[in-house]
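Shown below: data.txt, with compact mmCIF, C-alpha atoms.
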# COMPACT_ATOMS: atom_id res chain seq x y z
CA MET H 1 -6.24 -44.61 -13.30
CA THR H 2 -7.82 -47.05 -10.82
CA THR H 3 -7.95 -46.29 -7.13
CA GLU H 4 -5.58 -48.43 -5.08
CA VAL H 5 -7.14 -50.33 -2.16
CA ILE H 6 -5.27 -50.04 1.14
CA SER H 7 -5.39 -53.19 3.24
CA LEU H 8 -6.76 -53.09 6.77
CA ASP H 9 -3.49 -54.48 8.20
CA LEU H 10 -1.50 -51.66 6.61
CA LYS H 11 -3.91 -49.07 7.95
CA THR H 12 -3.67 -50.55 11.44
CA THR H 13 0.15 -50.60 11.31
CA LEU H 14 0.34 -46.99 10.12
CA ARG H 15 -1.99 -45.87 12.91
CA ARG H 16 0.15 -47.66 15.52
CA LEU H 17 3.18 -45.81 14.15
CA LYS H 18 1.19 -42.53 14.19
CA LEU H 19 1.56 -42.32 10.42
CA SER H 20 -2.12 -42.49 9.52
CA GLY H 21 -1.75 -39.14 7.75
CA VAL H 22 -0.06 -40.84 4.79
CA LEU H 23 -3.34 -42.66 4.08
CA HIS H 24 -4.70 -39.45 2.56
CA THR H 25 -2.22 -39.53 -0.31
CA MET H 26 -1.23 -43.20 -0.43
CA PRO H 27 -3.73 -44.33 -3.13
CA GLU H 28 -2.55 -41.62 -5.54
CA ARG H 29 1.11 -42.29 -4.71
CA LEU H 30 0.70 -46.05 -5.24
CA ALA H 31 -0.93 -45.47 -8.62
CA LEU H 32 1.85 -43.06 -9.59
CA ALA H 33 4.54 -45.51 -8.47
CA ARG H 34 3.01 -48.31 -10.55
CA ALA H 35 2.63 -46.09 -13.61
CA GLN H 36 6.23 -44.88 -13.45
CA THR H 37 7.74 -48.16 -12.20
CA MET H 38 9.14 -46.17 -9.31
CA PRO H 39 11.93 -47.75 -7.19
CA TYR H 40 10.83 -48.74 -3.69
CA GLN H 41 13.09 -46.22 -2.00
CA ASP H 42 11.80 -43.37 -4.17
CA PHE H 43 8.21 -44.36 -3.42
CA LEU H 44 8.89 -44.49 0.32
CA LEU H 45 10.63 -41.11 0.20
CA LEU H 46 7.72 -39.59 -1.73
CA LEU H 47 5.19 -40.98 0.73
CA LEU H 48 7.09 -39.85 3.82
CA SER H 49 7.73 -36.43 2.27
CA ASP H 50 3.96 -35.97 2.05
CA GLU H 51 3.71 -36.71 5.76
CA VAL H 52 6.53 -34.31 6.61
CA SER H 53 4.83 -31.55 4.63
CA ARG H 54 1.51 -32.28 6.32
CA ARG H 55 3.05 -32.17 9.80
CA ASP H 56 5.00 -29.01 9.02
CA GLY H 57 1.80 -27.36 7.84
CA GLN H 58 -0.09 -28.40 10.96
CA ALA H 59 2.73 -27.19 13.22
CA ALA H 60 2.88 -23.82 11.44
CA SER H 61 -0.89 -23.42 11.75
CA LEU H 62 -0.75 -24.22 15.46
CA ARG H 63 2.08 -21.73 16.02
CA ALA H 64 0.12 -19.05 14.14
CA GLN H 65 -2.97 -19.76 16.22
CA ARG H 66 -1.03 -19.53 19.48
CA ALA H 67 0.56 -16.30 18.23
CA HIS H 68 -2.90 -14.71 17.74
CA LEU H 69 -2.19 -14.06 14.07
CA ASP H 70 -5.05 -13.31 11.72
CA PRO H 71 -5.17 -16.27 9.29
CA ALA H 72 -6.27 -13.99 6.44
CA MET H 73 -3.29 -11.64 6.79
CA GLN H 74 -0.60 -13.40 4.77
CA LEU H 75 1.74 -12.09 2.10
CA GLU H 76 0.11 -14.28 -0.56
CA ALA H 77 -3.22 -12.56 0.16
CA TRP H 78 -1.88 -9.00 -0.12
CA ASP H 79 -3.68 -7.02 -2.83
CA ALA H 80 -0.91 -5.75 -5.09
CA SER H 81 -3.28 -3.24 -6.68
CA ALA H 82 -3.74 -1.40 -3.37
CA LYS H 83 -2.99 2.31 -3.66
CA VAL H 84 -0.26 2.31 -1.05
CA SER H 85 3.46 2.89 -1.45
CA PHE H 86 6.36 1.27 0.38
CA ASP H 87 9.81 -0.11 -0.27
CA LYS H 88 9.10 -3.47 -1.93
CA MET H 89 12.75 -4.49 -1.86
CA LEU H 90 12.81 -3.91 1.88
CA LEU H 91 9.65 -5.99 2.32
CA ASN H 92 11.23 -8.85 0.37
CA ASP H 93 14.30 -8.60 2.57
CA LEU H 94 12.16 -8.64 5.73
CA ALA H 95 10.23 -11.66 4.41
CA SER H 96 13.54 -13.54 4.19
CA LEU H 97 13.66 -13.20 8.02
CA ARG H 98 17.29 -12.17 8.05
CA PHE H 99 16.28 -9.48 10.54
CA LEU H 100 14.88 -12.16 12.83
CA GLU H 101 18.00 -14.29 12.66
CA ALA H 102 20.06 -11.18 13.51
CA HIS H 103 17.74 -10.22 16.43
CA ALA H 104 16.96 -6.92 14.73
CA HIS H 105 13.65 -5.06 14.90
CA VAL H 106 11.16 -3.51 12.45
CA ALA H 107 9.11 -0.34 12.85
CA ILE H 108 6.14 -0.30 10.45
CA VAL H 109 4.94 3.31 10.41
CA GLY H 110 2.11 4.90 8.48
CA PRO H 111 -1.33 6.51 8.71
CA VAL H 112 -4.49 4.71 9.75
CA GLY H 113 -5.71 1.86 7.55
CA VAL H 114 -2.84 1.47 5.07
CA GLY H 115 -2.09 -2.16 5.99
CA LYS H 116 0.46 -1.93 8.82
CA THR H 117 -1.17 -4.68 10.87
CA PHE H 118 -1.63 -6.83 7.76
CA LEU H 119 2.08 -6.75 6.90
CA ALA H 120 3.13 -7.29 10.51
CA HIS H 121 0.92 -10.39 10.77
CA ALA H 122 2.15 -11.54 7.36
CA LEU H 123 5.75 -11.49 8.62
CA GLY H 124 4.55 -13.40 11.67
CA HIS H 125 3.08 -16.11 9.47
CA VAL H 126 6.35 -16.43 7.55
CA ALA H 127 8.17 -16.83 10.87
CA CYS H 128 5.70 -19.51 12.01
CA ARG H 129 6.26 -21.48 8.81
CA ARG H 130 10.00 -21.28 9.42
CA GLY H 131 9.59 -22.76 12.91
CA PHE H 132 10.01 -19.58 14.99
CA SER H 133 7.81 -18.78 17.99
CA VAL H 134 5.69 -15.66 17.58
CA LEU H 135 3.33 -13.62 19.74
CA SER H 136 1.19 -10.75 18.46
CA LEU H 137 -0.57 -8.30 20.78
CA ARG H 138 -2.11 -4.87 20.68
CA SER H 139 -0.05 -2.45 22.70
CA ASP H 140 -2.89 -1.40 24.99
CA ALA H 141 -3.92 -5.02 25.68
CA MET H 142 -0.31 -6.00 26.42
CA LEU H 143 0.18 -3.19 28.93
CA LYS H 144 -3.21 -3.84 30.53
CA THR H 145 -2.33 -7.53 30.99
CA LEU H 146 0.92 -6.60 32.72
CA ARG H 147 -0.89 -4.14 34.97
CA HIS H 148 -3.40 -6.78 36.06
CA ALA H 149 -0.59 -9.31 36.52
CA ARG H 150 0.90 -7.14 39.24
CA LEU H 151 -2.25 -7.66 41.30
CA ASP H 152 -2.12 -11.48 41.35
CA ASN H 153 1.67 -11.86 41.48
CA SER H 154 1.90 -13.24 37.93
CA TYR H 155 3.84 -10.30 36.54
CA GLU H 156 7.12 -12.18 36.08
CA ALA H 157 5.35 -15.03 34.28
CA GLU H 158 3.54 -12.65 31.93
CA LEU H 159 6.74 -10.71 31.23
CA ARG H 160 8.59 -13.94 30.42
CA LYS H 161 5.95 -14.76 27.79
CA LEU H 162 6.78 -11.50 26.04
CA ILE H 163 10.52 -12.00 26.33
CA ALA H 164 10.78 -15.71 25.48
CA VAL H 165 9.30 -15.71 21.96
CA ASP H 166 11.52 -15.32 18.91
CA LEU H 167 9.32 -12.58 17.44
CA LEU H 168 7.10 -10.19 19.38
CA ILE H 169 4.61 -8.16 17.31
CA VAL H 170 3.25 -5.06 19.07
CA ASP H 171 0.40 -3.41 17.20
CA ASP H 172 -0.61 0.27 17.48
CA PHE H 173 2.19 1.33 19.81
CA GLY H 174 2.31 4.96 20.85
CA LEU H 175 -1.36 5.79 20.28
CA ASP H 176 -1.88 6.99 23.85
CA VAL H 177 0.30 8.56 26.50
CA MET H 178 1.42 5.95 29.05
CA ASP H 179 1.33 6.41 32.80
CA ALA H 180 4.31 5.65 35.05
CA ILE H 181 3.53 1.93 35.39
CA GLU H 182 2.92 1.42 31.68
CA SER H 183 6.09 3.34 30.84
CA ARG H 184 8.10 1.13 33.16
CA ASP H 185 6.63 -2.02 31.60
CA ALA H 186 7.32 -0.78 28.07
CA TYR H 187 10.88 0.05 29.11
CA GLU H 188 11.34 -3.48 30.49
CA ILE H 189 10.13 -5.06 27.24
CA PHE H 190 12.32 -2.86 25.02
CA THR H 191 15.34 -3.44 27.25
CA GLU H 192 14.95 -7.20 27.71
CA ARG H 193 14.42 -7.83 24.00
CA HIS H 194 17.39 -5.70 22.97
CA ARG H 195 19.64 -7.97 20.88
CA SER H 196 18.01 -11.07 22.42
CA GLY H 197 14.87 -11.24 20.29
CA SER H 198 13.17 -9.34 17.51
CA MET H 199 10.17 -7.03 17.63
CA VAL H 200 7.88 -5.77 14.89
CA ILE H 201 6.08 -2.62 16.03
CA THR H 202 3.32 -0.91 14.09
CA SER H 203 2.44 2.69 14.84
CA ASN H 204 0.83 5.80 13.40
CA ARG H 205 3.78 7.72 14.83
CA GLY H 206 7.46 7.48 14.07
CA PRO H 207 9.88 6.31 16.79
CA ASP H 208 10.95 9.92 17.41
CA GLU H 209 7.37 10.65 18.49
CA TRP H 210 7.26 7.69 20.89
CA LEU H 211 9.39 9.62 23.36
CA GLY H 212 6.47 11.87 24.23
CA THR H 213 4.24 8.93 25.11
CA PHE H 214 6.44 7.80 28.03
CA ALA H 215 5.91 9.24 31.50
CA ASP H 216 9.64 9.14 32.26
CA PRO H 217 11.82 10.90 29.63
CA ILE H 218 14.97 9.08 30.73
CA ARG H 219 13.40 5.64 30.38
CA ALA H 220 11.88 6.78 27.09
CA GLN H 221 15.22 7.83 25.63
CA SER H 222 16.90 4.62 26.77
CA ALA H 223 14.16 2.32 25.43
CA VAL H 224 13.61 4.04 22.09
CA ASP H 225 17.33 4.47 21.46
CA ARG H 226 17.90 0.74 21.97
CA PHE H 227 15.11 -0.06 19.53
CA THR H 228 15.95 2.41 16.77
CA GLY H 229 19.66 1.59 16.91
CA ASN H 230 18.88 -1.95 15.74
CA ALA H 231 15.68 -1.52 13.69
CA TYR H 232 14.55 -1.30 10.08
CA ASP H 233 12.23 1.62 9.29
CA PHE H 234 9.39 0.44 7.05
CA LEU H 235 7.26 3.39 5.94
CA ILE H 236 3.92 2.84 4.23
CA GLU H 237 1.68 5.55 2.83
CA GLY H 238 -1.42 5.80 0.67
CA GLU H 239 -5.14 5.17 0.74
CA SER H 240 -6.85 2.95 3.27
CA TYR H 241 -6.32 -0.76 2.64
CA ARG H 242 -9.22 -1.75 4.88
CA SER H 243 -11.81 -0.93 2.22
CA ARG H 244 -10.41 -3.85 0.20
CA GLN H 245 -11.06 -6.24 3.09
CA LYS H 246 -14.73 -5.35 3.42
CA PRO H 247 -17.13 -8.22 2.68
CA SER H 248 -18.96 -7.85 -0.61
CA ARG H 249 -22.14 -9.34 -1.95
CA SER H 250 -21.57 -12.43 -4.07
CA GLN H 251 -25.08 -12.13 -5.48
CA PRO H 252 -27.10 -9.15 -6.66
CA PRO H 253 -29.45 -7.72 -4.02
CA LEU H 254 -32.93 -9.13 -3.91
CA PRO H 255 -35.67 -6.96 -5.44
CA SER H 256 -37.66 -4.88 -3.01
CA PRO H 257 -41.02 -6.39 -2.06
CA PRO H 258 -44.09 -4.70 -3.54
CA PRO H 259 -45.77 -2.15 -1.29
CA VAL H 260 -48.41 -3.55 0.98
CA LYS H 261 -51.89 -2.26 0.17
CA ARG H 262 -53.77 -1.12 3.21
CA ARG H 263 -57.30 -2.40 3.58
CA THR H 264 -59.88 0.17 4.54
CA THR H 265 -62.60 -0.85 6.91
CA ARG H 266 -65.91 0.86 7.55
CA ARG H 267 -66.97 1.60 11.02
CA THR H 268 -70.56 0.89 11.83
CA GLU H 269 -71.82 3.45 14.20
CA ARG H 270 -74.11 2.02 16.78
CA ALA H 271 -77.34 3.94 17.14
CA ALA H 272 -77.67 5.59 20.44
Reformat the file's structure so that it appears as structure tokens.
Amino acid sequence: MTTEVISLDLKTTLRRLKLSGVLHTMPERLALARAQTMPYQDFLLLLLSDEVSRRDGQAASLRAQRAHLDPAMQLEAWDASAKVSFDKMLLNDLASLRFLEAHAHVAIVGPVGVGKTFLAHALGHVACRRGFSVLSLRSDAMLKTLRHARLDNSYEAELRKLIAVDLLIVDDFGLDVMDAIESRDAYEIFTERHRSGSMVITSNRGPDEWLGTFADPIRAQSAVDRFTGNAYDFLIEGESYRSRQKPSRSQPPLPSPPPVKRRTTRRTERAA
């Protein structure tokens, strides 16, 4: 199959229309169209479909980057041989994003290292590919940012960032006891996102244990009750998944160098 030559005029026209991306696949598509005697409309649809797919992929990647999602943590990259147990049917249901469309929440609970963050980010990537806005933050970093925002009068702007996205992922919630200010901020987030946007929260503790991390028991009961009343409980147990993400040598280690032989020198004593 010979490579089709694209004329300079066509390249210039496509660039003016901001369609230069189709140049990457146009030679192959032209050759295919000639080989199959493809109708003009079908060829044009095929070519423009390539551009739509390319732009969708770029947009999803940009959304994932802005969301602070780990690019390696995607469902396709999950190691199915990992010695962890969870409800696979529930994960498939969550990956359909019906919970997101219904403004429901997800609590991913399990011991350290079993892949909670991985699965939370993986759901975030699925949402990005579907065109939803996502933001992923560690719980301590989120609360620290809000605390600092109070000092420079940017608190409302920072809070709006957490409220405005379609999906907010909060990692490692409930690890530490919160003070009064942090408890109030957590309460605001839980309350504002109730039935207006979804949250995925990962934690080593179940929602019933989150109550003890709030400084104010009344705010704690109100916030946690709102969350659990509209949340899926995703429990994951087993051995640490992190050991499977450790870098490994692609080549055998180099042999150890031979021991260095020490040279002995004689001292010549100077006669007194």
Next item on the list: Can you pull out every residue within 12 Å of Leu45 (chain H), counting all atoms listed in the file, but drop anything in the same chain fewer than 5 positions away, and send it as a VMD selection string?
Entry: chain H and resid 22 29 33 38 to 40 50 to 52
Margin query: Nearest residue to Gly110 (chain H) out of H:His148, H:Arg205, H:Arg55, H:Arg195, using only C-alpha atoms?
Written below: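 With only C-alpha atoms as the atom set, the closest residue is H:Arg205.
Here the question is which of H:Leu167, H:Ile201, H:Arg130, H:Glu209 gets nearest to Asp56 (chain H) using only C-alpha atoms, and that residue is H:Arg130.
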Notebook entry, point to check: What is the distance, in Å and to one decimal place, between CA of Asp93 (chain H) and CA of Tyr187 (chain H)?
Noted result: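 For CA of Asp93 (chain H) relative to CA of Tyr187 (chain H), the distance reads 28.1 Å.
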Item checked: Pairwise distance for CA of Asp140 (chain H) and CA of Asp172 (chain H), rounded to one decimal in Å ->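 Between CA of Asp140 (chain H) and CA of Asp172 (chain H) the gap works out to 8.0 Å.
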Notebook entry, point to check: Closest to Gly238 (chain H) among H:Leu159, H:Ala122, H:Met142, H:Val112, using all atoms listed in the file?
Noted result: H:Val112
Next item on the list: Please indicate the distance in Å from CA of Leu90 (chain H) to CA of Lys116 (chain H), rounded to one decimal place.
Entry: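 CA of Lys116 (chain H) lies 14.3 Å from CA of Leu90 (chain H).
Minimum atom-to-atom distance to Gln58 (chain H), evaluated using all atoms listed in the file, belongs to H:Cys128 out of H:Met199, H:Ala80, H:Ala215, H:Cys128.
Near Ser198 (chain H), within 6 Å and counting only C-alpha atoms, sit Leu100, His103, Ala104, His105 and Leu167 of chain H; same-chain residues fewer than 3 positions away were not included.
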Only C-alpha atoms, please: the residues just picked out, written as a tab-separated table (two decimals), keeping the file's coordinate frame.
chain	number	residue	atom	x	y	z
H	100	LEU	CA	14.88	-12.16	12.83
H	103	HIS	CA	17.74	-10.22	16.43
H	104	ALA	CA	16.96	-6.92	14.73
H	105	HIS	CA	13.65	-5.06	14.90
H	167	LEU	CA	9.32	-12.58	17.44
Next item on the list: Identify, on the basis of only C-alpha atoms, every residue whose closest approach to Asp87 (chain H) does not exceed 12 Å; exclude the query and any residue fewer than 2 positions from it along the same chain; express the result as a PyMOL selection string.
Entry: chain H and resi 84-85+89-94+108+232-237
Note to self: Considering only C-alpha atoms, can you say which of H:Thr213, H:Thr12, H:Arg150, H:Arg160 comes closest to Asp176 (chain H)?
What the structure shows: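 Closest to Asp176 (chain H) of all the choices is H:Thr213.
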